[in-house]
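Student: Submitted below is the structure of interest, expressed as structure tokens.
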Amino acid sequence: MKFTILNGSPKGAESVTMQYILYIKKKHPEHEYEIINIAQTIKKIENDKNRFNNIINKVRESDGVIWGFPLYVMLVCSQYKRFIELIFERNVEAAFENKYTIVISTSIHFYDHTAQNYMHSICDDLGMKYVGNYPADSWDLLYPKRRARWLVFAEEFINHIENNFPTSKHYTPLNWRAFTYAPGEVLDDSKKIDTHGKKILLVSDETSENTNLGKMIEKFKESFSDKIEVINLDDIDIKGGCISCLQCGYDHKCSYIGKDGFIDFWEKIVMTSDILIFAGVIKDRYLSAQWKMALDRAFYMTHTPTLIGKQMGYIISGPLSQIPNLTEMFQGHIELQGSNFVDIITDEFGTSEELDALLHDFARKLVTFSNTDYFKPLTFLGEGGRKIFRDDIYGRNRFVFMADHEYYEKHGYYDTFPQNDERAKKLNAKLIPLIKIDKVRNKMNMKQEFLRPFLKVLEDPNK
Ligand SMILES: Cc1cc2nc3c(=O)[nH]c(=O)nc-3n(C[C@H](O)[C@H](O)[C@H](O)COP(=O)(O)O)c2cc1C
């Protein structure tokens, strides 16, 4: 059998993920394995049509396709994303249609589900026979039981192809609404939102003012009494995507320093804003690869937040409500950055007048929350993610990410370990011996015990 492996790691052959493929090759040498370094050579693939077509031909001739990639900021890396875009832009979906496929990712399990959901939906969009995904931890291959588990999964893939087993679909095609946004009259000055001196920044990759997104951005800008800053990613000198050299792990210094303008843009423009809005058009099941590149490049600060204390939101054109996976990434990213997730405005619903009103109110909310310093509590998306980072940096990845470790120590991240929770320690020391006594336990009214500290707050006139 012939397998084509589309390698989504910018490290190419030095990829951890590819070791999982080599392991299957070692166990099943009777098959042919062609690994293509997609992410590492994306510029050449994009610029050289022959090279691209050769890859597509290999896909066409194979019995099974394996998508293998490292997690990059909740998704695949921008280079791999660009390859996926090219498949649709160059209308070569047919090469993938009805091919059996699996998806393997390696990561520390931080938002691996969103990346896997994304790839699953892409496989469904391409009409592939999706057998399943394997969200490995980067180190899984080092443990016998986990190796065995991976082998079972890979053999099930082979089994599927040999027996022509059926596969299920999970995603229906996206449905774009036919709607042209026609913004209303410019508001008179009395209705404009006072910015209260806040620095408001909108970053987008939209280059036209005549698209729905272009018009939404213009309308949003008009809502404010002062001029707000609008930056286009096209105008930023970004030489390329993150190459995973991990130089930044030691001191948060990117190897692109002095080579392009991204760090200056991020630190001098993005990080200094009080209110930050990202805007983009849905491209396949995410934003553009260009947007992804910017977010990947911001990883030079690795697992520390760079957008702390901002009011943030999105303006999106396209069927976002049909991609809850993407909304989850937006929200999770903002929560992890320590910013407040205010809202997402899209052109999916309502009339142009309603969209005018929504954009205006979005502007109002952003400024109001900024003035009142309002930050809503984190959901699982932020809480869970922070805990994964904290444990990983404290533990096995400390030597790689020394700069994060220093930051976490300085900012009390490790104080959040439950074994350091003094209040919980005292409570458990007092109550655990009591709860072990049958008589006490049977008499105890747990509901009332839970409420006791709350009553103190409610009854105290000073609280
Ligand atoms: C820019 C960048 C972003 C990353 N983002 C994530 C992430 O969102 N979630 C995660 O669990 N791991 C993340 N990782 C860790 C890698 O996914 C992980 O180390 C992977 O095993 C590397 O595989 P590779 O050697 O095949 O490239 C990131 C690494 C880099 C360099």
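Please note that chains go A, B, ... in the order of the structure tokens, that every chain numbers its residues from 1, and that ligands are numbered from 1 in the order shown.
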Give as a PyMOL selection string the residues surrounding ligand 1 up to a distance of 7 Å, considering only C-alpha atoms and all ligand atoms.
Tutor: chain A and resi 9-11+14-18+69-75+106-112+138+242+244+246+296-297+299
Student: Would you output that residue set with N, CA and C atoms, as a short mmCIF file (atom, residue, chain, number, x, y, z; two decimals), in the first residue's frame?
Tutor:
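As a result, result_18.cif now contains:
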data_model
loop_
_atom_site.label_atom_id
_atom_site.label_comp_id
_atom_site.auth_asym_id
_atom_site.auth_seq_id
_atom_site.Cartn_x
_atom_site.Cartn_y
_atom_site.Cartn_z
N SER A 9 5.07 19.99 9.93
CA SER A 9 6.02 20.62 10.86
C SER A 9 7.03 21.45 10.10
N PRO A 10 7.23 22.71 10.52
CA PRO A 10 8.25 23.53 9.86
C PRO A 10 9.66 22.98 10.08
N LYS A 11 9.80 22.01 10.98
CA LYS A 11 11.14 21.42 11.20
C LYS A 11 11.47 20.38 10.14
N GLU A 14 13.25 16.84 10.92
CA GLU A 14 13.59 16.84 12.36
C GLU A 14 12.36 16.91 13.25
N SER A 15 11.22 16.71 12.66
CA SER A 15 9.95 16.81 13.38
C SER A 15 9.74 15.62 14.33
N VAL A 16 9.25 15.93 15.51
CA VAL A 16 8.86 14.90 16.48
C VAL A 16 7.70 14.09 15.89
N THR A 17 6.74 14.79 15.31
CA THR A 17 5.54 14.11 14.78
C THR A 17 5.93 13.04 13.76
N MET A 18 6.95 13.35 12.95
CA MET A 18 7.33 12.39 11.91
C MET A 18 7.95 11.12 12.49
N PHE A 69 1.03 16.71 11.98
CA PHE A 69 1.47 18.09 12.26
C PHE A 69 1.63 18.34 13.75
N PRO A 70 2.45 19.33 14.09
CA PRO A 70 2.52 19.77 15.48
C PRO A 70 1.44 20.82 15.71
N LEU A 71 0.95 20.92 16.92
CA LEU A 71 0.01 22.00 17.26
C LEU A 71 0.76 23.32 17.21
N TYR A 72 0.20 24.32 16.59
CA TYR A 72 0.75 25.67 16.64
C TYR A 72 -0.40 26.60 17.00
N VAL A 73 -0.35 27.17 18.19
CA VAL A 73 -1.36 28.13 18.64
C VAL A 73 -2.78 27.66 18.28
N MET A 74 -3.14 26.56 18.86
CA MET A 74 -4.51 26.02 18.79
C MET A 74 -4.89 25.41 17.44
N LEU A 75 -3.98 25.45 16.49
CA LEU A 75 -4.31 24.97 15.14
C LEU A 75 -3.07 24.36 14.50
N THR A 106 0.98 16.15 17.31
CA THR A 106 1.70 16.03 18.58
C THR A 106 1.68 17.40 19.25
N SER A 107 1.66 17.37 20.58
CA SER A 107 1.51 18.63 21.33
C SER A 107 1.59 18.34 22.81
N ILE A 108 1.34 19.38 23.60
CA ILE A 108 1.20 19.16 25.04
C ILE A 108 -0.30 19.13 25.40
N HIS A 109 -1.13 18.89 24.43
CA HIS A 109 -2.59 18.80 24.58
C HIS A 109 -3.25 20.14 24.86
N PHE A 110 -2.55 21.23 24.58
CA PHE A 110 -3.18 22.54 24.75
C PHE A 110 -3.95 22.84 23.45
N TYR A 111 -5.24 22.77 23.54
CA TYR A 111 -6.13 23.04 22.39
C TYR A 111 -5.82 22.13 21.20
N ASP A 112 -5.43 20.88 21.50
CA ASP A 112 -5.25 19.96 20.38
C ASP A 112 -6.61 19.59 19.78
N SER A 138 3.45 14.91 22.78
CA SER A 138 4.75 14.86 22.08
C SER A 138 5.59 13.67 22.53
N CYS A 242 6.62 31.13 11.95
CA CYS A 242 7.49 30.62 13.01
C CYS A 242 8.14 29.32 12.50
N SER A 244 10.02 27.35 14.54
CA SER A 244 10.20 26.46 15.67
C SER A 244 11.66 26.22 16.02
N LEU A 246 12.94 27.61 18.50
CA LEU A 246 12.81 27.63 19.96
C LEU A 246 13.92 28.39 20.68
N ASP A 296 1.11 32.98 15.13
CA ASP A 296 2.22 32.04 15.39
C ASP A 296 3.49 32.81 15.77
N ARG A 297 3.72 33.90 15.06
CA ARG A 297 4.94 34.66 15.32
C ARG A 297 4.93 35.29 16.72
N PHE A 299 4.26 33.87 19.19
CA PHE A 299 4.65 32.81 20.13
C PHE A 299 6.09 32.99 20.63
#
Student: Counting only C-alpha atoms, what is within 12 Å of A:Glu155, bar same-chain residues fewer than 6 positions away, as a PyMOL selection string?
Tutor: chain A and resi 24-25+27-28+31+102+131-132+148-149+161-162
Student: With only C-alpha atoms as the atoms that count, which of A:Glu222, A:Asp137, A:Glu383, A:Glu406 lies nearest to A:Arg364?
Tutor: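 When distances to A:Arg364 are compared using only C-alpha atoms, the smallest one comes from A:Glu222.
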Student: Quick one: DSSP helix (DSSP H, G or I) residues in stretch 91-320 of chain A, as a PyMOL selection string?
Tutor: chain A and resi 93-95+112-125+140-142+144-163+189-191+212-222+233-235+248-251+262-270+289-301+320
Student: Report as a PyMOL selection string all protein, DNA and RNA residues lying within 12 Å of stretch 410-416 of chain A, evaluated on only C-alpha atoms, omitting residues in the same chain fewer than 5 positions from it.
Tutor: chain A and resi 303-305+383+386-395+403-405+421-422+424
Student: For atom CA of A:Val457 and atom CA of A:Phe417, quote the distance in Å rounded to one decimal.
Tutor: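 Taking atom CA of A:Val457 as the start and atom CA of A:Phe417 as the end point, the length is 26.0 Å.
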Student: How far is it from atom CA of A:Gly338 to atom CA of A:Val230, in Å with one decimal?
Tutor: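 Going from atom CA of A:Gly338 over to atom CA of A:Val230, I get 22.4 Å.
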Student: Residues at most 8 Å from A:Thr302, counting only C-alpha atoms, excluding those fewer than 6 positions away in the same chain, as a PyMOL selection string?
Tutor: chain A and resi 248-249+252+401+404
Student: Just to be explicit: take each residue in the selection above, keep all heavy atoms, and write the result as a JSON list (two decimals), in the first residue's frame.
Tutor:
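The resulting file, selection36.json, is reproduced below:
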[["chain", "number", "residue", "atom", "x", "y", "z"],
["A", 248, "CYS", "N", 13.60, 31.33, 21.39],
["A", 248, "CYS", "CA", 12.84, 32.19, 22.30],
["A", 248, "CYS", "C", 12.61, 31.55, 23.66],
["A", 248, "CYS", "O", 12.33, 32.23, 24.64],
["A", 248, "CYS", "CB", 11.50, 32.54, 21.67],
["A", 248, "CYS", "SG", 10.57, 31.07, 21.16],
["A", 249, "GLY", "N", 12.70, 30.22, 23.71],
["A", 249, "GLY", "CA", 12.41, 29.52, 24.96],
["A", 249, "GLY", "C", 13.27, 30.01, 26.11],
["A", 249, "GLY", "O", 12.82, 30.12, 27.25],
["A", 252, "HIS", "N", 12.93, 34.66, 25.47],
["A", 252, "HIS", "CA", 11.86, 35.35, 24.73],
["A", 252, "HIS", "C", 12.40, 36.23, 23.60],
["A", 252, "HIS", "O", 11.79, 37.24, 23.24],
["A", 252, "HIS", "CB", 10.97, 36.19, 25.66],
["A", 252, "HIS", "CG", 10.09, 35.36, 26.56],
["A", 252, "HIS", "ND1", 9.50, 35.85, 27.70],
["A", 252, "HIS", "CD2", 9.71, 34.06, 26.48],
["A", 252, "HIS", "CE1", 8.80, 34.89, 28.28],
["A", 252, "HIS", "NE2", 8.92, 33.80, 27.57],
["A", 401, "PHE", "N", 11.85, 26.16, 28.27],
["A", 401, "PHE", "CA", 11.19, 27.47, 28.36],
["A", 401, "PHE", "C", 11.58, 28.17, 29.67],
["A", 401, "PHE", "O", 10.72, 28.48, 30.51],
["A", 401, "PHE", "CB", 9.67, 27.30, 28.26],
["A", 401, "PHE", "CG", 9.22, 26.74, 26.94],
["A", 401, "PHE", "CD1", 8.76, 25.44, 26.83],
["A", 401, "PHE", "CD2", 9.28, 27.51, 25.79],
["A", 401, "PHE", "CE1", 8.35, 24.91, 25.62],
["A", 401, "PHE", "CE2", 8.88, 26.99, 24.56],
["A", 401, "PHE", "CZ", 8.41, 25.69, 24.47],
["A", 404, "ASP", "N", 9.79, 31.47, 30.44],
["A", 404, "ASP", "CA", 8.43, 31.31, 30.99],
["A", 404, "ASP", "C", 8.50, 30.99, 32.48],
["A", 404, "ASP", "O", 7.74, 31.51, 33.29],
["A", 404, "ASP", "CB", 7.70, 30.13, 30.31],
["A", 404, "ASP", "CG", 7.33, 30.42, 28.88],
["A", 404, "ASP", "OD1", 7.39, 31.60, 28.48],
["A", 404, "ASP", "OD2", 6.97, 29.48, 28.17]]
Student: Using Å and a single decimal, report how far atom CA of A:Ile5 sits from atom CA of A:Ile55.
Tutor: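 If I compute the distance from atom CA of A:Ile55 to atom CA of A:Ile5, I get 10.3 Å.
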Student: Which of these residues is nearest to A:Glu97, using only C-alpha atoms: A:Tyr80, A:Tyr130, A:Trp291, A:Phe341?
Tutor: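 Counting only C-alpha atoms, the residue closest to A:Glu97 is A:Tyr130.
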Student: Would you pick out the contacts of A:Tyr118 at 9 Å or less, using only C-alpha atoms, so that residues sharing its chain but fewer than 6 positions from it are not included, and give the list as a ChimeraX atom specification?
Tutor: /A:75-76,285-286,325-326
